[in-house]
Structure formats: structure tokens, C-alpha cells
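**Student:** Structure: query02.txt, compact mmCIF, C-alpha atoms.
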# COMPACT_ATOMS: atom_id res chain seq x y z
CA MET C 1 18.30 -2.69 5.99
CA THR C 2 19.19 -2.33 2.32
CA VAL C 3 22.85 -2.94 1.55
CA PRO C 4 23.59 -3.35 -2.18
CA ALA C 5 26.36 -5.63 -3.37
CA PRO C 6 28.55 -4.82 -6.38
CA GLY C 7 28.09 -6.56 -9.70
CA LEU C 8 24.41 -7.48 -9.32
CA PRO C 9 21.54 -6.48 -11.61
CA ALA C 10 19.43 -3.45 -10.70
CA ARG C 11 16.17 -5.27 -11.35
CA VAL C 12 15.00 -8.90 -11.38
CA ARG C 13 11.86 -10.24 -12.99
CA ILE C 14 10.24 -12.95 -10.91
CA HIS C 15 8.54 -15.69 -12.91
CA GLU C 16 5.89 -16.84 -10.44
CA VAL C 17 5.09 -20.56 -10.77
CA GLY C 18 2.95 -21.24 -7.71
CA ALA C 19 -0.36 -21.40 -9.53
CA ARG C 20 0.95 -24.04 -11.95
CA ASP C 21 4.04 -25.81 -10.66
CA GLY C 22 2.89 -25.40 -7.08
CA LEU C 23 -0.73 -26.49 -7.32
CA GLN C 24 -0.05 -29.38 -9.71
CA ASN C 25 1.59 -31.16 -6.77
CA GLU C 26 -1.37 -30.95 -4.44
CA GLN C 27 -2.94 -34.26 -3.45
CA THR C 28 -6.41 -32.75 -3.71
CA THR C 29 -7.77 -30.58 -6.48
CA VAL C 30 -8.02 -26.90 -5.60
CA PRO C 31 -11.34 -25.36 -6.75
CA VAL C 32 -11.02 -23.25 -9.88
CA GLU C 33 -12.41 -20.17 -8.12
CA VAL C 34 -9.65 -20.45 -5.50
CA LYS C 35 -7.01 -20.76 -8.22
CA ALA C 36 -8.36 -17.65 -9.94
CA GLU C 37 -8.35 -15.69 -6.69
CA PHE C 38 -4.78 -16.86 -6.02
CA VAL C 39 -3.63 -15.50 -9.39
CA ARG C 40 -5.49 -12.23 -8.86
CA ARG C 41 -3.89 -11.77 -5.43
CA LEU C 42 -0.43 -12.55 -6.81
CA ALA C 43 -0.91 -9.90 -9.50
CA GLY C 44 -2.16 -7.49 -6.86
CA ALA C 45 1.08 -8.02 -4.94
CA GLY C 46 3.02 -6.79 -7.97
CA LEU C 47 4.04 -9.98 -9.75
CA THR C 48 4.02 -9.35 -13.49
CA THR C 49 4.60 -12.89 -14.79
CA ILE C 50 2.36 -15.58 -13.29
CA GLU C 51 2.32 -19.02 -14.87
CA ALA C 52 -1.39 -19.76 -14.76
CA THR C 53 -1.92 -23.40 -15.66
CA SER C 54 -0.98 -26.30 -17.91
CA PHE C 55 -2.59 -27.86 -20.96
CA VAL C 56 -1.16 -31.28 -20.19
CA HIS C 57 -3.62 -34.18 -20.55
CA PRO C 58 -5.79 -34.37 -17.39
CA ARG C 59 -4.80 -38.00 -16.90
CA TRP C 60 -1.22 -36.94 -16.18
CA VAL C 61 -1.89 -33.80 -14.14
CA PRO C 62 -5.50 -34.00 -12.90
CA GLN C 63 -4.99 -31.03 -10.58
CA LEU C 64 -4.84 -28.73 -13.64
CA ALA C 65 -7.64 -30.32 -15.65
CA ASP C 66 -9.67 -27.10 -15.33
CA ALA C 67 -7.43 -24.94 -17.54
CA GLU C 68 -10.28 -24.02 -19.92
CA GLU C 69 -12.41 -22.99 -16.94
CA LEU C 70 -9.65 -21.01 -15.25
CA LEU C 71 -8.38 -18.73 -17.99
CA PRO C 72 -11.72 -16.94 -18.66
CA LEU C 73 -11.82 -16.11 -14.93
CA LEU C 74 -8.49 -14.27 -15.29
CA THR C 75 -9.65 -11.72 -17.87
CA GLY C 76 -8.38 -8.33 -16.83
CA VAL C 77 -5.56 -9.57 -14.60
CA ALA C 78 -2.67 -7.13 -15.01
CA ALA C 79 0.10 -9.66 -15.58
CA ASP C 80 1.50 -11.94 -18.25
CA LEU C 81 -0.12 -15.37 -17.81
CA PRO C 82 1.95 -18.02 -19.62
CA VAL C 83 0.79 -21.64 -19.74
CA LEU C 84 2.63 -24.93 -20.13
CA VAL C 85 1.91 -26.96 -23.27
CA PRO C 86 3.38 -30.45 -23.82
CA ASN C 87 2.64 -30.92 -27.52
CA GLU C 88 0.61 -29.66 -30.48
CA ARG C 89 -2.68 -30.72 -28.92
CA GLY C 90 -1.84 -28.66 -25.85
CA LEU C 91 -0.96 -25.74 -28.11
CA ASP C 92 -4.32 -26.05 -29.87
CA ARG C 93 -6.10 -25.79 -26.52
CA ALA C 94 -4.00 -22.79 -25.50
CA VAL C 95 -4.61 -20.99 -28.80
CA ALA C 96 -8.36 -21.55 -28.41
CA GLN C 97 -8.14 -19.67 -25.10
CA GLY C 98 -6.28 -16.72 -26.62
CA VAL C 99 -3.01 -17.46 -24.81
CA ARG C 100 -0.06 -15.32 -25.90
CA ARG C 101 2.79 -16.92 -23.91
CA ILE C 102 3.53 -20.63 -23.71
CA ALA C 103 6.21 -22.92 -22.31
CA VAL C 104 7.42 -26.35 -23.35
CA PHE C 105 9.02 -28.73 -20.87
CA GLY C 106 12.11 -30.75 -21.78
CA SER C 107 14.73 -32.81 -20.00
CA ALA C 108 18.52 -32.80 -19.99
CA THR C 109 18.62 -36.51 -19.13
CA GLU C 110 17.38 -39.59 -20.94
CA THR C 111 15.83 -41.31 -17.92
CA PHE C 112 13.69 -38.34 -16.94
CA ALA C 113 12.69 -37.79 -20.58
CA ALA C 114 11.56 -41.41 -20.77
CA ARG C 115 9.63 -41.26 -17.50
CA ASN C 116 8.12 -37.81 -17.97
CA LEU C 117 7.67 -37.57 -21.76
CA ASN C 118 7.85 -41.23 -22.80
CA ARG C 119 10.49 -40.25 -25.34
CA THR C 120 14.23 -39.87 -25.71
CA VAL C 121 15.70 -36.40 -25.34
CA ASP C 122 16.05 -36.01 -29.10
CA GLU C 123 12.54 -37.34 -29.72
CA SER C 124 11.16 -34.80 -27.27
CA LEU C 125 13.00 -32.02 -29.09
CA ALA C 126 11.46 -33.22 -32.34
CA MET C 127 8.03 -33.11 -30.66
CA PHE C 128 8.61 -29.52 -29.57
CA GLU C 129 9.79 -28.33 -32.99
CA PRO C 130 6.33 -27.84 -34.58
CA VAL C 131 4.92 -26.49 -31.30
CA VAL C 132 7.57 -23.78 -31.08
CA ALA C 133 7.39 -23.02 -34.82
CA ARG C 134 3.61 -22.62 -34.80
CA ALA C 135 3.70 -20.51 -31.64
CA LYS C 136 6.36 -18.20 -33.06
CA ASP C 137 4.46 -17.87 -36.34
CA ALA C 138 1.46 -16.76 -34.26
CA GLY C 139 3.57 -14.12 -32.50
CA MET C 140 3.69 -15.93 -29.17
CA HIS C 141 6.46 -15.78 -26.61
CA VAL C 142 7.95 -19.24 -26.00
CA ARG C 143 9.78 -20.37 -22.88
CA GLY C 144 11.72 -23.63 -22.78
CA TYR C 145 11.89 -25.40 -19.44
CA LEU C 146 14.89 -27.69 -19.11
CA SER C 147 14.69 -30.05 -16.14
CA MET C 148 17.44 -32.10 -14.48
CA CYS C 149 20.13 -29.54 -15.29
CA PHE C 150 22.24 -30.39 -12.24
CA GLY C 151 21.31 -33.83 -11.03
CA ASP C 152 18.97 -36.69 -11.85
CA PRO C 153 17.63 -39.17 -9.24
CA TRP C 154 18.35 -42.08 -11.55
CA GLU C 155 21.47 -40.93 -13.40
CA GLY C 156 23.22 -38.88 -10.72
CA ALA C 157 25.23 -35.77 -11.55
CA VAL C 158 24.52 -34.37 -15.01
CA PRO C 159 27.58 -33.27 -17.03
CA VAL C 160 27.57 -29.60 -18.03
CA PRO C 161 28.17 -30.31 -21.77
CA GLN C 162 25.11 -32.58 -21.79
CA VAL C 163 22.92 -29.78 -20.46
CA VAL C 164 24.46 -27.21 -22.81
CA ARG C 165 23.66 -29.41 -25.83
CA VAL C 166 19.97 -29.66 -25.02
CA ALA C 167 19.70 -26.01 -23.97
CA LYS C 168 21.30 -24.89 -27.23
CA ALA C 169 18.89 -27.14 -29.15
CA LEU C 170 15.90 -25.47 -27.46
CA VAL C 171 17.27 -22.04 -28.36
CA ASP C 172 17.84 -23.19 -31.94
CA LEU C 173 14.21 -24.33 -32.11
CA GLY C 174 13.20 -20.74 -31.43
CA CYS C 175 12.63 -20.53 -27.67
CA ASP C 176 12.83 -16.92 -26.52
CA GLU C 177 13.82 -17.89 -23.01
CA LEU C 178 15.25 -20.89 -21.16
CA SER C 179 14.50 -21.88 -17.58
CA LEU C 180 17.28 -24.01 -16.10
CA GLY C 181 15.73 -26.40 -13.61
CA ASP C 182 17.42 -27.86 -10.56
CA THR C 183 14.58 -30.35 -10.34
CA ILE C 184 15.78 -32.28 -7.30
CA GLY C 185 17.59 -29.40 -5.62
CA VAL C 186 21.16 -30.72 -5.69
CA ALA C 187 22.91 -27.73 -7.30
CA THR C 188 25.56 -25.72 -5.49
CA PRO C 189 26.91 -22.29 -6.52
CA GLY C 190 30.05 -23.53 -8.25
CA HIS C 191 27.97 -25.89 -10.38
CA VAL C 192 25.64 -23.01 -11.27
CA ALA C 193 28.60 -20.89 -12.35
CA ALA C 194 30.03 -23.73 -14.44
CA LEU C 195 26.74 -24.27 -16.27
CA LEU C 196 26.22 -20.57 -16.98
CA ASP C 197 29.81 -20.31 -18.24
CA GLY C 198 29.25 -23.35 -20.45
CA LEU C 199 26.10 -21.85 -21.91
CA ALA C 200 27.84 -18.54 -22.53
CA GLY C 201 30.56 -20.43 -24.40
CA ALA C 202 27.86 -21.95 -26.61
CA GLY C 203 26.39 -18.55 -27.37
CA VAL C 204 23.48 -18.71 -24.93
CA GLY C 205 23.70 -15.51 -22.91
CA THR C 206 22.12 -14.72 -19.56
CA ASP C 207 19.73 -12.29 -21.26
CA ARG C 208 17.61 -15.30 -22.28
CA ILE C 209 18.13 -17.47 -19.20
CA GLY C 210 15.97 -17.90 -16.13
CA VAL C 211 16.85 -20.11 -13.16
CA HIS C 212 14.50 -22.47 -11.33
CA PHE C 213 15.91 -23.79 -8.07
CA HIS C 214 14.44 -26.21 -5.56
CA ASP C 215 15.42 -26.00 -1.90
CA THR C 216 15.96 -29.68 -1.08
CA TYR C 217 19.35 -29.03 0.53
CA GLY C 218 18.75 -25.38 1.44
CA GLN C 219 20.79 -24.10 -1.51
CA ALA C 220 18.15 -22.30 -3.59
CA LEU C 221 18.98 -18.74 -2.48
CA ALA C 222 22.75 -19.33 -2.62
CA ASN C 223 22.37 -20.68 -6.14
CA THR C 224 20.16 -17.75 -7.12
CA TYR C 225 22.74 -15.29 -5.82
CA GLU C 226 25.43 -16.96 -7.92
CA ALA C 227 23.18 -16.73 -10.99
CA LEU C 228 22.63 -13.01 -10.30
CA ARG C 229 26.40 -12.53 -10.10
CA HIS C 230 26.60 -14.01 -13.60
CA GLY C 231 24.00 -11.57 -14.96
CA VAL C 232 20.80 -13.60 -14.78
CA THR C 233 17.78 -11.32 -14.26
CA THR C 234 14.88 -13.81 -14.41
CA VAL C 235 14.26 -16.05 -11.41
CA ASP C 236 11.47 -18.61 -11.03
CA ALA C 237 9.85 -18.85 -7.62
CA SER C 238 6.66 -20.15 -6.05
CA ALA C 239 4.54 -18.17 -3.61
CA GLY C 240 4.72 -19.79 -0.20
CA GLY C 241 7.23 -22.37 -1.47
CA LEU C 242 4.53 -24.52 -3.06
CA GLY C 243 5.42 -27.31 -5.43
CA GLY C 244 8.06 -29.75 -6.52
CA CYS C 245 7.90 -32.25 -9.35
CA PRO C 246 5.34 -35.06 -9.50
CA TYR C 247 7.67 -37.25 -11.60
CA ALA C 248 10.74 -36.90 -9.36
CA LYS C 249 9.94 -38.17 -5.90
CA SER C 250 13.01 -36.65 -4.26
CA ALA C 251 12.06 -33.14 -5.38
CA THR C 252 10.91 -30.83 -2.62
CA GLY C 253 9.42 -27.37 -2.80
CA ASN C 254 10.41 -24.60 -5.13
CA LEU C 255 12.26 -21.54 -3.91
CA ALA C 256 9.65 -19.50 -2.02
CA THR C 257 8.91 -16.18 -3.69
CA GLU C 258 8.84 -14.41 -0.32
CA ASP C 259 12.30 -15.70 0.59
CA LEU C 260 13.59 -14.49 -2.77
CA VAL C 261 11.99 -11.05 -2.41
CA TRP C 262 13.38 -10.66 1.11
CA MET C 263 16.91 -11.25 -0.22
CA LEU C 264 16.45 -9.01 -3.25
CA ASP C 265 14.94 -6.21 -1.17
CA GLY C 266 17.93 -6.39 1.16
CA LEU C 267 20.27 -6.11 -1.81
CA GLY C 268 18.40 -3.10 -3.17
CA ILE C 269 17.35 -5.02 -6.30
CA GLU C 270 14.01 -3.87 -7.68
CA THR C 271 11.24 -6.44 -8.24
CA GLY C 272 8.05 -4.39 -8.07
CA VAL C 273 6.68 -6.87 -5.51
CA ASP C 274 5.00 -5.80 -2.29
CA LEU C 275 6.35 -8.31 0.22
CA ALA C 276 3.59 -7.72 2.78
CA ALA C 277 0.85 -8.27 0.19
CA LEU C 278 2.60 -11.35 -1.15
CA THR C 279 2.99 -12.79 2.35
CA ALA C 280 -0.69 -12.22 3.04
CA THR C 281 -1.51 -14.02 -0.20
CA SER C 282 0.56 -17.05 0.77
CA VAL C 283 -0.96 -17.14 4.25
CA TRP C 284 -4.40 -17.10 2.62
CA MET C 285 -3.44 -19.88 0.19
CA ALA C 286 -2.00 -21.99 3.01
CA GLU C 287 -5.38 -21.68 4.75
CA GLN C 288 -7.10 -22.94 1.60
CA LEU C 289 -4.73 -25.92 1.54
CA GLY C 290 -5.09 -26.59 5.25
CA ARG C 291 -1.42 -26.42 6.19
CA PRO C 292 1.20 -23.77 7.01
CA SER C 293 3.46 -22.33 4.34
CA PRO C 294 7.00 -23.78 4.26
CA SER C 295 8.41 -20.35 3.40
CA ARG C 296 10.65 -19.08 6.18
CA THR C 297 9.84 -15.47 5.35
CA VAL C 298 6.10 -16.11 5.40
CA ARG C 299 6.41 -17.77 8.79
CA ALA C 300 8.59 -14.98 10.19
CA LEU C 301 6.42 -12.11 8.94
CA SER C 302 3.08 -13.70 9.75
CA HIS C 303 4.33 -14.60 13.25
CA LYS C 304 5.41 -10.98 13.86
CA GLU C 305 1.94 -9.82 12.89
Could I get this file's structure written as C-alpha cells?
**Tutor:**
Amino acid sequence: MTVPAPGLPARVRIHEVGARDGLQNEQTTVPVEVKAEFVRRLAGAGLTTIEATSFVHPRWVPQLADAEELLPLLTGVAADLPVLVPNERGLDRAVAQGVRRIAVFGSATETFAARNLNRTVDESLAMFEPVVARAKDAGMHVRGYLSMCFGDPWEGAVPVPQVVRVAKALVDLGCDELSLGDTIGVATPGHVAALLDGLAGAGVGTDRIGVHFHDTYGQALANTYEALRHGVTTVDASAGGLGGCPYAKSATGNLATEDLVWMLDGLGIETGVDLAALTATSVWMAEQLGRPSPSRTVRALSHKE
């Protein structure tokens, strides 16, 4: 039953991360043909932004070492297919594949920056500067991921001004869009509201913000709803709830795309996604991985069938 709520956006763009953020966490490497079929099925279900892969060094993320093999298999897919690049070498590889949308991955905390990027926060921003500049000069769309926006497993709660400073720096570098990451899933709605208000006060509006919630404490949908109330219209999610963060051991799965679509459908918010087709895709992918999907909606709908 569709029952709209006042003050919410009419349409939400889902930034699907299952093929990258989801599969990079698998213990075994998924065959490249399966990855390509996964992306094709996601596009067939109506998702228009599907993060395809990462050009991180294979030593760090071996599950995505086949990026150069994968992208040619996706020719003709009717969706934007951004890729993650960590540095200029990653950008070179992406450019060679004709990529038009990239993302860089930063941290709001020093400990995670040191463990994930082997740099301080400011050193990582300096590393991104030529990447973003070159990408923009080439007419690319650039997304800036910002992890540990709400809590850090080593540092604890992350102060809002600290996150705002780094987010504003990424915008000033030229990022078209920011994705605010609740990497270990500790955010609650009031904290989400406080961060979005802080960003607005620094001149970073919700028109260039996406949210990326993990469901460690079951708060991902509640936090998403609060972000929608503040005008956010881009939400990251992972088909079947795949993924987490390989460098933060307490991180559990991403918000499941099916759970998000169920909520948005009920609110009358347009996504363009066919929930039945998406559920079938996640059931198929779970079969490839040899385990059931953690998505509650996938389980409910597939059980009914």
C-alpha cells in the first residue's frame, strides 16, 4: 500500500554498489563472467547507476583484479558505470578503458586514513587533487567517498566539524558529488540530521550529497529516511545487502537495495526499479555465492514465491 509522507523527495536515484563494494568483500573471487551478468541484470531491473569495479592495486583488493577484463564485457549496458580509483595510476587505467565516471575514496579520520590509504587525511587529499583535476579536465564526473563520517572503530565517535572540514575539502577539489559513509553502521537519525545541517552551514547542499549507510545496528533505513527528510535524493545501496569494508572489521553489510526500494515504493517515491526483477537478481547472485541473501525483503519475497 502506497502512503506518501509530506516533505520527502518525489524521486530518489539509487547508486548501486553491490558489484564493487559488495563483491570486494567476498572471500573467494567471483568469475568475471558472473560479475558482468550481475551488472547486466541490475541494469535490467532498472538501476541507472551501477558502480562496476575498482582500479585499486590487485594486492589490496584481489577480488577486483579483473577490472580490465570486466569493463569490455559491459559494453551496451544501459546504465552509468562509475569505477573507484585510488590515485593517478588508477585513473590512468580507468581512462584507458574509456571510463566517464570515477570515484575517489577518502577518510574523515586519521586512523582509518593511515590504515586504508597509508597517509594522513591531508596527505590523502593532496593525493586526490591531481586525480580530480585531471578527471574534470577530461570531462569526467567525480564522486568523493568519505568514510567514517559517524564513527571509527579506533577513534570512536567522529565530531561533526571534523567531517565537515574534509567533506568541504573534497568539494573544493572539484568533486561533483559526495557520498557520506557510515562505515561501521553506528549512525542514528539525529546524528545524520546534525551532519547534514553542518554541511549545509558550510555551503555543501544536499543536491550534491549521497548517503551510504551500513546496517550493523539495524539503523540504515531509519538513517536514510532522515536524510530524505533533509532533501537528500541519492542513496547508496547494495543488491542483496552484499558488502561491508575490508579495512574495518566491525563493518557489516550495506543497506540492501531491495529493502530500500520496498520503503521508497511504500512512500510513493519513484526509483525506476522493478523490485521483483531486482529480487530475482539477488536470489541468483546468492546462488552464485553459495549462501542466502541477508536482505529481509529478498527473503520475504522469495519465500512468498
**Student:** When distances are computed from all atoms listed in the file, which of C:Gly243, C:Gly185, C:Gly90, C:Gly7 shows the smallest separation from Pro153 (chain C)?
**Tutor:**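 Selected residue with least distance to Pro153 (chain C): C:Gly185.
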**Student:** Write out as a PyMOL selection string each polymer residue whose atoms come within 12 Å of Trp262 (chain C), counting only C-alpha atoms; drop sequence neighbours fewer than 6 positions from it.
**Tutor:** chain C and resi 1-2+221+256+268-271+273-276+278-279+295-298+300-301
**Student:** Within 7 Å of Glu226 (chain C), counting all atoms listed in the file, which residues qualify if same-chain residues fewer than 4 places away don't, as a ChimeraX atom specification?
**Tutor:** /C:189,192-193,222,230
**Student:** So how far away is CA of Arg100 (chain C) from CA of Leu70 (chain C), in Å?
**Tutor:**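 Separating CA of Leu70 (chain C) from CA of Arg100 (chain C) is a distance of 15.4 Å.
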**Student:** Quick one, how far is CA of Val77 (chain C) from CA of Tyr145 (chain C)?
**Tutor:**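 Between CA of Val77 (chain C) and CA of Tyr145 (chain C) the gap works out to 24.1 Å.
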**Student:** Which one is closest to Val160 (chain C): C:Ala200, C:Val30, C:Leu178, C:Val142? Count all atoms listed in the file.
**Tutor:**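 That would be C:Ala200, the residue with the smallest distance to Val160 (chain C).
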**Student:** Could you tell me which of C:Gly151, C:Gly272, C:Pro86, C:Gly174 comes closest to Thr48 (chain C) if we count all atoms listed in the file?
**Tutor:**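 Nearest to Thr48 (chain C): C:Gly272.
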**Student:** Which neighbours of Val163 (chain C) fall inside 9 Å, counting all atoms listed in the file, when residues of the same chain fewer than 2 positions from it are skipped, and could you give them as a VMD selection string?
**Tutor:** chain C and resid 107 to 109 146 148 to 150 158 to 161 165 to 168 195 199
**Student:** Name the closest residue to Ala135 (chain C) among the candidates C:Ala227, C:Leu260, C:Ala36, C:Val95; distances are taken between atoms, counting all atoms listed in the file.
**Tutor:**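 Using all atoms listed in the file, the shortest distance to Ala135 (chain C) belongs to C:Val95.
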**Student:** Which is closer to Ala280 (chain C) than all the others in C:Glu123, C:Glu258, C:Glu33, C:Glu16, using only C-alpha atoms?
**Tutor:**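 Ranking C:Glu123, C:Glu258, C:Glu33, C:Glu16 by distance to Ala280 (chain C), first place goes to C:Glu258.
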**Student:** I'd like the contact shell of Arg11 (chain C) - 12 Å cut-off, only C-alpha atoms, skipping same-chain residues fewer than 2 positions apart - returned as JSON, numbers by chain.
**Tutor:** {"C": [4, 8, 9, 13, 14, 228, 231, 232, 233, 234, 235, 261, 264, 265, 267, 268, 269, 270, 271, 272, 273]}
**Student:** Just write the chosen residues, C-alpha atoms, as a PDB file, in the frame of the given file.
**Tutor:**
ATOM      1  CA  PRO C   4      23.590  -3.350  -2.180  1.00  0.00           C
ATOM      2  CA  LEU C   8      24.410  -7.480  -9.320  1.00  0.00           C
ATOM      3  CA  PRO C   9      21.540  -6.480 -11.610  1.00  0.00           C
ATOM      4  CA  ARG C  13      11.860 -10.240 -12.990  1.00  0.00           C
ATOM      5  CA  ILE C  14      10.240 -12.950 -10.910  1.00  0.00           C
ATOM      6  CA  LEU C 228      22.630 -13.010 -10.300  1.00  0.00           C
ATOM      7  CA  GLY C 231      24.000 -11.570 -14.960  1.00  0.00           C
ATOM      8  CA  VAL C 232      20.800 -13.600 -14.780  1.00  0.00           C
ATOM      9  CA  THR C 233      17.780 -11.320 -14.260  1.00  0.00           C
ATOM     10  CA  THR C 234      14.880 -13.810 -14.410  1.00  0.00           C
ATOM     11  CA  VAL C 235      14.260 -16.050 -11.410  1.00  0.00           C
ATOM     12  CA  VAL C 261      11.990 -11.050  -2.410  1.00  0.00           C
ATOM     13  CA  LEU C 264      16.450  -9.010  -3.250  1.00  0.00           C
ATOM     14  CA  ASP C 265      14.940  -6.210  -1.170  1.00  0.00           C
ATOM     15  CA  LEU C 267      20.270  -6.110  -1.810  1.00  0.00           C
ATOM     16  CA  GLY C 268      18.400  -3.100  -3.170  1.00  0.00           C
ATOM     17  CA  ILE C 269      17.350  -5.020  -6.300  1.00  0.00           C
ATOM     18  CA  GLU C 270      14.010  -3.870  -7.680  1.00  0.00           C
ATOM     19  CA  THR C 271      11.240  -6.440  -8.240  1.00  0.00           C
ATOM     20  CA  GLY C 272       8.050  -4.390  -8.070  1.00  0.00           C
ATOM     21  CA  VAL C 273       6.680  -6.870  -5.510  1.00  0.00           C
TER      22      VAL C 273
END
**Student:** What is the distance between CA of Asp152 (chain C) and CA of Ala126 (chain C), in Å to one decimal?
**Tutor:**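 Spanning CA of Asp152 (chain C) to CA of Ala126 (chain C) is a straight-line distance of 22.1 Å.
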